[in-house]
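Participant: Take a look at model-v1.cif, mmCIF, C-alpha atoms:
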```
data_my_file
#
loop_
_atom_site.label_atom_id
_atom_site.label_comp_id
_atom_site.auth_asym_id
_atom_site.auth_seq_id
_atom_site.Cartn_x
_atom_site.Cartn_y
_atom_site.Cartn_z
CA MET A 1 -18.08 8.24 39.18
CA ASP A 2 -15.66 5.81 37.52
CA ARG A 3 -13.22 7.85 35.43
CA VAL A 4 -10.29 6.21 37.25
CA LYS A 5 -12.12 3.20 38.63
CA ASN A 6 -9.75 0.61 40.15
CA LYS A 7 -6.65 2.56 39.14
CA VAL A 8 -4.03 2.58 41.91
CA ALA A 9 -2.46 5.96 42.61
CA ILE A 10 0.30 7.23 44.89
CA ILE A 11 0.00 10.88 45.93
CA THR A 12 2.86 12.50 47.85
CA GLY A 13 2.33 15.54 50.05
CA ALA A 14 -1.30 14.51 50.47
CA SER A 15 -2.04 15.86 53.93
CA SER A 16 -3.29 19.29 52.83
CA GLY A 17 -3.62 21.75 49.97
CA LEU A 18 -3.36 20.42 46.44
CA GLY A 19 -2.43 16.90 47.54
CA LYS A 20 -5.55 16.59 49.67
CA ALA A 21 -7.75 17.95 46.87
CA ASP A 22 -6.18 15.50 44.42
CA ALA A 23 -6.81 12.59 46.79
CA LEU A 24 -10.47 13.40 47.38
CA ARG A 25 -11.14 13.98 43.67
CA LEU A 26 -9.48 10.76 42.51
CA SER A 27 -11.26 8.84 45.25
CA GLU A 28 -14.61 10.20 44.09
CA GLU A 29 -13.91 8.75 40.67
CA GLY A 30 -12.98 5.27 41.90
CA ALA A 31 -9.21 5.27 42.40
CA LYS A 32 -7.48 3.26 45.12
CA LEU A 33 -5.02 5.50 46.88
CA VAL A 34 -1.73 5.40 48.73
CA LEU A 35 -1.28 8.79 50.38
CA THR A 36 2.06 9.93 51.79
CA ASP A 37 3.34 12.85 53.82
CA ILE A 38 5.51 13.68 56.81
CA LYS A 39 2.40 15.02 58.59
CA VAL A 40 0.99 11.77 59.92
CA ASP A 41 -2.17 12.83 61.74
CA GLU A 42 -3.34 15.11 58.92
CA GLY A 43 -2.53 12.47 56.31
CA LYS A 44 -4.51 9.79 58.11
CA LEU A 45 -7.52 12.11 58.28
CA VAL A 46 -7.39 12.66 54.51
CA ALA A 47 -7.29 8.90 53.95
CA GLN A 48 -10.36 8.57 56.16
CA GLU A 49 -12.18 11.24 54.15
CA CYS A 50 -11.70 9.34 50.90
CA ILE A 51 -14.85 7.48 49.86
CA ASN A 52 -12.91 4.69 48.14
CA GLN A 53 -10.03 2.53 49.39
CA ALA A 54 -7.17 4.67 50.69
CA ILE A 55 -4.23 4.07 52.99
CA PHE A 56 -1.73 6.49 54.47
CA VAL A 57 2.01 5.86 54.59
CA GLU A 58 4.37 8.14 56.46
CA GLN A 59 7.06 9.21 54.02
CA ASP A 60 9.66 11.89 53.44
CA ALA A 61 9.54 11.79 49.64
CA SER A 62 12.87 13.60 49.40
CA LYS A 63 14.67 10.59 50.87
CA GLU A 64 15.69 7.98 48.33
CA SER A 65 15.49 5.24 50.96
CA SER A 66 11.77 5.85 51.49
CA TRP A 67 10.71 4.84 48.00
CA PRO A 68 11.38 1.08 47.83
CA ASP A 69 9.24 0.47 50.92
CA LEU A 70 6.48 2.71 49.58
CA ILE A 71 6.37 0.89 46.26
CA LYS A 72 6.38 -2.48 48.04
CA THR A 73 3.53 -1.40 50.31
CA THR A 74 1.53 -0.24 47.29
CA ILE A 75 2.00 -3.53 45.44
CA ASP A 76 1.34 -5.63 48.55
CA GLU A 77 -1.87 -3.71 49.25
CA PHE A 78 -3.28 -3.22 45.75
CA GLY A 79 -1.24 -5.40 43.40
CA ARG A 80 -0.28 -2.73 40.88
CA LEU A 81 0.60 0.93 40.29
CA ASP A 82 -1.13 3.03 37.63
CA VAL A 83 -0.71 6.66 38.69
CA LEU A 84 1.94 8.67 40.52
CA VAL A 85 1.23 12.25 41.59
CA ASN A 86 4.49 13.89 42.67
CA ASN A 87 3.01 16.69 44.74
CA ALA A 88 5.24 17.03 47.82
CA GLY A 89 6.93 20.40 48.07
CA ILE A 90 7.71 23.50 50.10
CA ALA A 91 8.20 27.18 49.32
CA LYS A 92 10.37 29.57 51.31
CA ILE A 93 10.98 33.21 50.56
CA GLY A 94 14.47 34.11 49.35
CA ASN A 95 15.85 35.96 46.35
CA ILE A 96 19.27 35.57 44.69
CA GLU A 97 20.91 37.74 47.36
CA THR A 98 19.17 36.39 50.45
CA THR A 99 18.88 32.66 49.76
CA SER A 100 21.32 30.71 51.89
CA THR A 101 23.07 27.58 50.69
CA ASP A 102 21.16 25.51 53.23
CA GLN A 103 17.82 26.93 52.09
CA TRP A 104 18.72 26.32 48.44
CA SER A 105 19.64 22.71 49.16
CA GLU A 106 16.55 22.05 51.27
CA ILE A 107 14.09 23.42 48.72
CA LEU A 108 15.68 21.58 45.78
CA LYS A 109 15.82 18.37 47.80
CA ILE A 110 12.15 18.42 48.78
CA ASN A 111 10.74 19.82 45.54
CA LEU A 112 13.03 18.31 42.89
CA ASP A 113 14.83 15.26 44.32
CA SER A 114 11.51 13.79 45.47
CA VAL A 115 10.19 13.88 41.90
CA PHE A 116 13.32 12.20 40.55
CA PHE A 117 13.13 9.42 43.15
CA GLY A 118 9.40 8.98 42.61
CA CYS A 119 9.57 8.73 38.84
CA ARG A 120 12.55 6.39 38.88
CA SER A 121 10.84 4.12 41.41
CA ALA A 122 7.41 4.09 39.74
CA ILE A 123 8.34 3.38 36.12
CA PRO A 124 9.36 -0.31 36.57
CA GLU A 125 6.12 -1.13 38.41
CA MET A 126 3.97 0.81 35.95
CA SER A 127 5.62 -1.09 33.13
CA LYS A 128 4.62 -4.37 34.76
CA SER A 129 1.02 -3.12 34.96
CA GLY A 130 0.96 -2.26 31.26
CA GLY A 131 1.58 1.46 31.57
CA GLY A 132 0.48 4.41 33.63
CA SER A 133 0.45 8.15 34.20
CA ILE A 134 3.04 10.21 36.07
CA ILE A 135 1.83 13.66 37.08
CA ASN A 136 4.47 16.09 38.33
CA MET A 137 3.34 19.19 40.20
CA SER A 138 5.34 22.14 38.93
CA SER A 139 4.29 25.80 39.00
CA THR A 140 3.98 28.89 36.84
CA THR A 141 7.24 29.94 38.51
CA ALA A 142 8.87 27.40 36.18
CA LEU A 143 7.68 29.52 33.26
CA ILE A 144 8.22 33.08 34.46
CA GLY A 145 10.34 32.98 37.64
CA LEU A 146 9.52 34.83 40.84
CA SER A 147 12.09 37.12 42.43
CA PRO A 148 11.16 36.27 46.07
CA TYR A 149 11.20 32.52 45.36
CA LEU A 150 14.54 31.81 43.71
CA ALA A 151 15.09 28.22 44.83
CA TYR A 152 11.43 27.32 44.43
CA SER A 153 11.43 28.69 40.87
CA ALA A 154 14.60 26.75 40.07
CA ALA A 155 13.17 23.51 41.46
CA LYS A 156 9.90 23.86 39.59
CA GLY A 157 11.80 24.66 36.40
CA GLY A 158 13.78 21.48 36.94
CA ILE A 159 10.55 19.50 37.26
CA ARG A 160 9.34 20.96 33.96
CA SER A 161 12.47 19.85 32.08
CA MET A 162 12.76 16.51 33.84
CA THR A 163 9.15 15.72 32.96
CA LYS A 164 9.87 16.18 29.26
CA SER A 165 12.98 14.00 29.46
CA ILE A 166 11.02 11.23 31.20
CA ALA A 167 8.17 11.49 28.72
CA THR A 168 10.63 11.12 25.85
CA HIS A 169 12.30 8.14 27.51
CA CYS A 170 9.00 6.35 28.11
CA HIS A 171 7.93 6.99 24.52
CA GLU A 172 11.21 5.49 23.29
CA GLN A 173 10.78 2.48 25.58
CA LYS A 174 7.18 1.97 24.37
CA ASN A 175 6.13 1.18 27.93
CA ASN A 176 2.80 3.05 27.69
CA ILE A 177 3.76 5.42 30.50
CA ARG A 178 2.90 9.10 30.13
CA CYS A 179 4.61 11.87 32.11
CA ASN A 180 3.17 15.38 32.26
CA SER A 181 3.63 18.45 34.44
CA ILE A 182 0.98 20.74 35.91
CA HIS A 183 1.74 24.42 36.43
CA PRO A 184 -0.67 26.09 38.84
CA GLY A 185 -0.56 29.82 39.42
CA SER A 186 -1.90 31.21 42.69
CA ILE A 187 -4.22 28.61 44.21
CA LEU A 188 -5.92 28.96 47.59
CA THR A 189 -3.72 26.65 49.67
CA PRO A 190 -1.95 27.12 53.03
CA MET A 191 1.23 27.94 51.08
CA VAL A 192 -0.46 30.80 49.20
CA HIS A 193 -2.19 32.05 52.36
CA LYS A 194 1.24 32.37 53.97
CA ALA A 195 2.74 34.10 50.92
CA LEU A 196 -0.07 36.65 50.77
CA GLU A 197 0.36 37.51 54.41
CA THR A 198 4.16 37.67 54.29
CA LEU A 199 4.66 39.47 50.98
CA ALA A 200 1.51 41.59 50.72
CA GLY A 201 0.23 41.84 54.27
CA ILE A 202 -3.12 40.41 53.19
CA LYS A 203 -5.17 37.98 55.26
CA LEU A 204 -8.02 36.79 53.07
CA GLU A 205 -10.13 35.69 56.01
CA GLU A 206 -10.08 39.26 57.36
CA GLN A 207 -11.29 40.84 54.12
CA GLU A 208 -14.84 42.20 53.95
CA ASP A 209 -15.59 39.79 51.09
CA PRO A 210 -12.86 37.10 50.98
CA LYS A 211 -14.27 35.46 47.84
CA ALA A 212 -14.36 38.76 45.96
CA THR A 213 -10.79 39.55 47.03
CA GLN A 214 -9.68 36.09 45.96
CA LYS A 215 -11.29 36.53 42.55
CA MET A 216 -9.86 40.03 42.13
CA MET A 217 -6.38 38.69 42.87
CA GLY A 218 -6.80 35.83 40.39
CA ILE A 219 -6.47 33.08 42.98
CA GLY A 220 -7.94 29.71 41.99
CA GLU A 221 -9.30 26.79 44.00
CA PRO A 222 -7.53 23.48 44.75
CA LEU A 223 -10.34 21.73 42.88
CA ASP A 224 -9.22 23.50 39.69
CA VAL A 225 -5.93 21.62 39.94
CA ALA A 226 -7.48 18.37 41.16
CA ASN A 227 -9.71 18.22 38.09
CA MET A 228 -6.61 18.43 35.88
CA VAL A 229 -4.94 15.68 37.92
CA LEU A 230 -8.04 13.53 37.43
CA PHE A 231 -7.96 14.11 33.67
CA LEU A 232 -4.28 13.18 33.41
CA ALA A 233 -4.78 10.12 35.62
CA SER A 234 -7.66 8.89 33.47
CA ASP A 235 -7.55 7.24 30.06
CA GLU A 236 -9.13 10.39 28.64
CA SER A 237 -5.60 11.83 28.38
CA LYS A 238 -4.04 8.75 26.76
CA HIS A 239 -2.51 10.82 23.92
CA ILE A 240 -1.00 13.53 26.15
CA ASN A 241 2.66 13.03 27.02
CA GLY A 242 5.38 15.52 27.92
CA ALA A 243 2.92 18.41 28.16
CA GLU A 244 3.07 21.36 30.55
CA LEU A 245 -0.48 22.22 31.55
CA VAL A 246 -0.94 25.70 32.99
CA ILE A 247 -3.75 26.49 35.45
CA ASP A 248 -3.64 30.23 36.08
CA ASN A 249 -6.59 31.83 34.21
CA GLY A 250 -4.21 33.47 31.77
CA ALA A 251 -1.92 35.14 34.33
CA THR A 252 1.30 34.07 32.60
CA ILE A 253 0.25 35.52 29.25
CA GLY A 254 -0.32 39.02 30.62
CA ASP A 255 -3.40 41.18 31.07
CA ILE A 256 -6.09 39.30 29.13
CA SER A 257 -8.83 41.72 30.20
CA ARG A 258 -7.85 44.24 27.50
#
```
Translate the structure of the given file into structure tokens.
Facilitator:
Amino acid sequence: MDRVKNKVAIITGASSGLGKADALRLSEEGAKLVLTDIKVDEGKLVAQECINQAIFVEQDASKESSWPDLIKTTIDEFGRLDVLVNNAGIAKIGNIETTSTDQWSEILKINLDSVFFGCRSAIPEMSKSGGGSIINMSSTTALIGLSPYLAYSAAKGGIRSMTKSIATHCHEQKNNIRCNSIHPGSILTPMVHKALETLAGIKLEEQEDPKATQKMMGIGEPLDVANMVLFLASDESKHINGAELVIDNGATIGDISR
């Protein structure tokens, strides 16, 4: 129960889905948490569910101006910063012909700008603490692209490349900061629930055996991702930097059942 004991972690987009799972898992293993989201009531409830020290800070991670105050609050409360999980994001359906300029800008701002602002803000404080781990939530769409999610795929691809650039920079600076990206496939979150209903007309909760349908469709659990976040946040991954870690049970490499 102490794989990240006393490490201080910021998790953006922590009110539900992967962010919530990450928060609960890191808390179980001893981390002190600063959770952020625009959904205040839900975010406060997640902080209350954590079994270790956790506070909630209202934040729109896509706004540059929100980051100095967040970092200051983290240092004032816990004295250091060891882990940053850039998880905030949205997905909206739109292909190359239907995506509007406003939709493109909104999705890149929330998914990609927030990661840039977070990494840039965290690195100086992590350096003061002797190093740390930055974990950027990307997606398998960064590896294969999805026709109905043009802007989302582009943003997640940007996170993949930016992560490698940051990892290289930190290695050159010898500041003991690692930066890695996680690439989940379909994971059972509110975002995936909505996509299944919109694109395939499937409501898992209405299936005769929802778990069997989920397994048949290759949909994972938030805990599958949270366990990877825990590993990257811990010292167990001290020699992993600039990696792209895929969590999709082989979906991106084709039909592995043959």
Participant: Selected by the PyMOL selection byres ((chain A and resi 137-139) around 6) in the shown coordinates: which residues, as JSON, numbers by chain?
Facilitator: {"A": [86, 87, 136, 140, 141, 142, 156, 181, 182, 183, 184]}
Participant: For the selection you just gave me, I'd like the residues written to a file as a CSV table (one decimal), in the coordinates of the input, keeping C-alpha atoms.
Facilitator:
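Ended up saving to result14.csv:
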```csv
chain,number,residue,atom,x,y,z
A,86,ASN,CA,4.5,13.9,42.7
A,87,ASN,CA,3.0,16.7,44.7
A,136,ASN,CA,4.5,16.1,38.3
A,140,THR,CA,4.0,28.9,36.8
A,141,THR,CA,7.2,29.9,38.5
A,142,ALA,CA,8.9,27.4,36.2
A,156,LYS,CA,9.9,23.9,39.6
A,181,SER,CA,3.6,18.4,34.4
A,182,ILE,CA,1.0,20.7,35.9
A,183,HIS,CA,1.7,24.4,36.4
A,184,PRO,CA,-0.7,26.1,38.8
```
Participant: Counting only C-alpha atoms, which of A:Asn227, A:Asn180, A:Gln59, A:Asn249 gets nearest to Ser133 (chain A)?
Facilitator: A:Asn180
Participant: Compile the contact shell of Met126 (chain A) as a ChimeraX atom specification: residues with an atom at most 6 Å away, counting only C-alpha atoms, same-chain residues fewer than 5 positions apart removed.
Facilitator: /A:81-82,131-132
Participant: Pull the closest atom pair for each residue of region 96-135 of chain A that gets at most 12 Å from region 34-39 of chain A, along with the distance in Å to one decimal, counting only C-alpha atoms, ordering rows by chain and then ascending residue number, as CSV.
Facilitator:
```
residue,atom,partner,partner_atom,distance
A:Ile110,CA,A:Ile38,CA,11.4
A:Ser114,CA,A:Asp37,CA,11.7
A:Gly118,CA,A:Thr36,CA,11.8
```
Participant: Expanded to explicit residues, what is the PyMOL selection byres ((chain A and resi 85) around 10) for this file, as a list in words?
Facilitator: Ala9, Ile10, Ile11, Thr12, Gly13, Ala14, Gly19, Asp22, Ala23, Leu35, Val83, Leu84, Asn86, Asn87, Ala88, Val115, Gly118, Cys119, Ser133, Ile134, Ile135, Asn136, Met137, Ser181, Val229, Leu232 and Ala233 of chain A
Participant: Report, in Å with one decimal, the straight-line distance from CA of Leu18 (chain A) to CA of Lys44 (chain A).
Facilitator: 15.8 Å
Participant: Looking at A:Ile107, A:Ala21, A:Met1, A:Val8, which one is nearest to Glu221 (chain A), with distances taken over only C-alpha atoms?
Facilitator: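 Checking each candidate against Glu221 (chain A), we get A:Ala21 as the closest.
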